[in-house]
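K.L.:
Quick one: this structure, given as structure tokens, is what I'll be asking you about.
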Amino acid sequence: MQDTKTKARLPAGIWALGFVSLLMDVSSEMIHALLPVYLTVGLGASALALGVIEGIAEATAAITKVFSGALSDRIGRRKELAALGYGLAAVTKPVFPLAGSLGWVVAARFIDRVGKGIRGAPRDALVADLAPPGLKGAAFGLRQSLDTVGAFLGPLAAIGLMWLFSDDFRSVFWVAVIPAVLSLGLLLWLVEDPERPATRRKVRNPLARAELKRLGGVYWWVVVVATLFTLARFSEAFLILRAQTAGTPLMLVPLVLVGMNLVYALSAWPIGALSDRIGRIGLLLCGIGLLIVADLVLAVSEGVPGIAVGVLLWGLHMGFTQGLLAALIAETVPEELRGTAFGMFNLVAGVALLIASLLAGALWQTYGPFATFLGGAGFAAVSALGLLPLRRRLAAVAAAIYARKDDGADTAD
């Protein structure tokens, strides 16, 4: 997917973090691919309840990221907190097959997302710390691609295991424990924090008003745009439900996440590397356009082929947007505040995801899937308008950074 020079310049730690994400996503998506159907068909939960569960779970992860990211800035290390988060997720995976009621499943999903929240911001800040100058788009794209390989291998494994175990959800959930444990082991053995530069400023309280102000206006504008965009990106659980309502057989429903994540994985790394050369805003606008088209296709399609096209377009928009947003965060804030920046970014996005999932569930239950996906297209269009002023602002930030480097100051890359 990339030229040999680019591959050689990406440090081994970034590759290792990518495979850590891959293994954990195999585990999580084996469960997540089946969970919406298990909740609605097996435990009798409604579409609105599904929206509440998914929204609360993801918002919990986002809130946790703020504190773990800020703590990683304060102590100047990322790996320990990332390992704690991956470890918590691994330990709680057995709760899913042991759960005997809806309450236990909700609790397991909640605790699993706490682990995701603890690891998220320190891991992303660690990728930014390890990435060479000029390759942040490629670094985040690679990690995102490997992460997403796990996200389509997981549902694919779920399909095969559902056939092998004769639609026994719990047996599949037990198998999902294995890659989670392997993910934690890989992180502990192969990933190390880079040496902290002696010139880097120490931060006593990353969440203080003065420190948050140092993140800068461009960063906060990116957060606003990403929040609007997140309102258009409700939980993928609704893609699974949409496929089910279009007549997809129960055993094949996980193919929704397989197809979406395959396209996502194939596109994220090339798009990230391309953004290092031509800039990120134009590619982000293309990604938002792809989401609008995907939503419209999913809103009006009646059969499985149309739903499949919409799902693949949804995956392509993810490849055009998620790694690029992370790269924008990494390069617009001071190095010593990267953990806090990713944490705040994910907090706001998580609250937006909670609102988006609640709205999606309510619209679905009241007016049907057409209204859910049409609303998503509307929010995506608004977020595209917010991107337009960013191009000039990012150019000004880049010019200021290069000017400070010429003076020998310590700055974000």
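Simple scheme: letters A, B, ... for chains in structure tokens order, numbers from 1 for residues in each chain, numbers from 1 for ligands in the order shown.
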Using only C-alpha atoms, find each residue of region 171-198 of chain A with at least one atom at most 9 Å away from an atom of region 28-36 of chain A; report its shortest atom-to-atom pair and that distance in Å (one decimal), sort the rows by chain and rising residue number, and return the result as a tab-separated table.
P.N.:
residue	atom	partner	partner_atom	distance
A:Val172	CA	A:Met30	CA	7.4
A:Phe173	CA	A:Ile31	CA	5.9
A:Val175	CA	A:Met30	CA	8.7
A:Ala176	CA	A:Met30	CA	6.2
A:Val177	CA	A:Ser28	CA	8.9
A:Ala180	CA	A:Ser28	CA	7.9
K.L.:
What are the closest atom pairs, with distances in Å to one decimal, for each residue of region 297-397 of chain A lying within 12 Å of region 210-213 of chain A, using only C-alpha atoms, rows by chain and rising residue number, as a tab-separated table?
P.N.:
residue	atom	partner	partner_atom	distance
A:Val333	CA	A:Leu212	CA	10.1
A:Pro334	CA	A:Glu211	CA	10.1
A:Glu336	CA	A:Glu211	CA	10.1
A:Leu337	CA	A:Glu211	CA	8.0
A:Arg338	CA	A:Leu212	CA	11.0
A:Gly339	CA	A:Leu212	CA	11.7
A:Thr340	CA	A:Leu212	CA	8.3
A:Ala341	CA	A:Leu212	CA	8.3
A:Phe342	CA	A:Leu212	CA	11.8
A:Gly343	CA	A:Leu212	CA	11.4
A:Met344	CA	A:Leu212	CA	9.2
A:Phe345	CA	A:Leu212	CA	11.7
K.L.:
Quick one: pull the distance between CA of Gly69 (chain A) and CA of Ala352 (chain A), Å, one decimal.
P.N.:
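Spanning CA of Gly69 (chain A) to CA of Ala352 (chain A) is a straight-line distance of 19.0 Å.
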K.L.:
Which neighbours of Ser72 (chain A) fall inside 7 Å, counting only C-alpha atoms, when residues of the same chain fewer than 4 positions from it are skipped, and could you give them as a list in words?
P.N.:
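Counting only the stated atoms, we get Ser68, Gly76, Arg77, Arg78, Pro122 and Gly339 of chain A.
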K.L.:
How many Å lie between CA of Val311 (chain A) and CA of Ala157 (chain A), rounded to one decimal?
P.N.:
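Distance reported for this atom pair: 19.0 Å.
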K.L.:
Within 12 Å of region 292-308 of chain A, counting only C-alpha atoms, which residues qualify if same-chain residues fewer than 2 places away don't, as number ranges by chain?
P.N.:
A: 229, 232-234, 238-249, 252-253, 255-260, 263, 285-290, 310-318, 364, 367-384
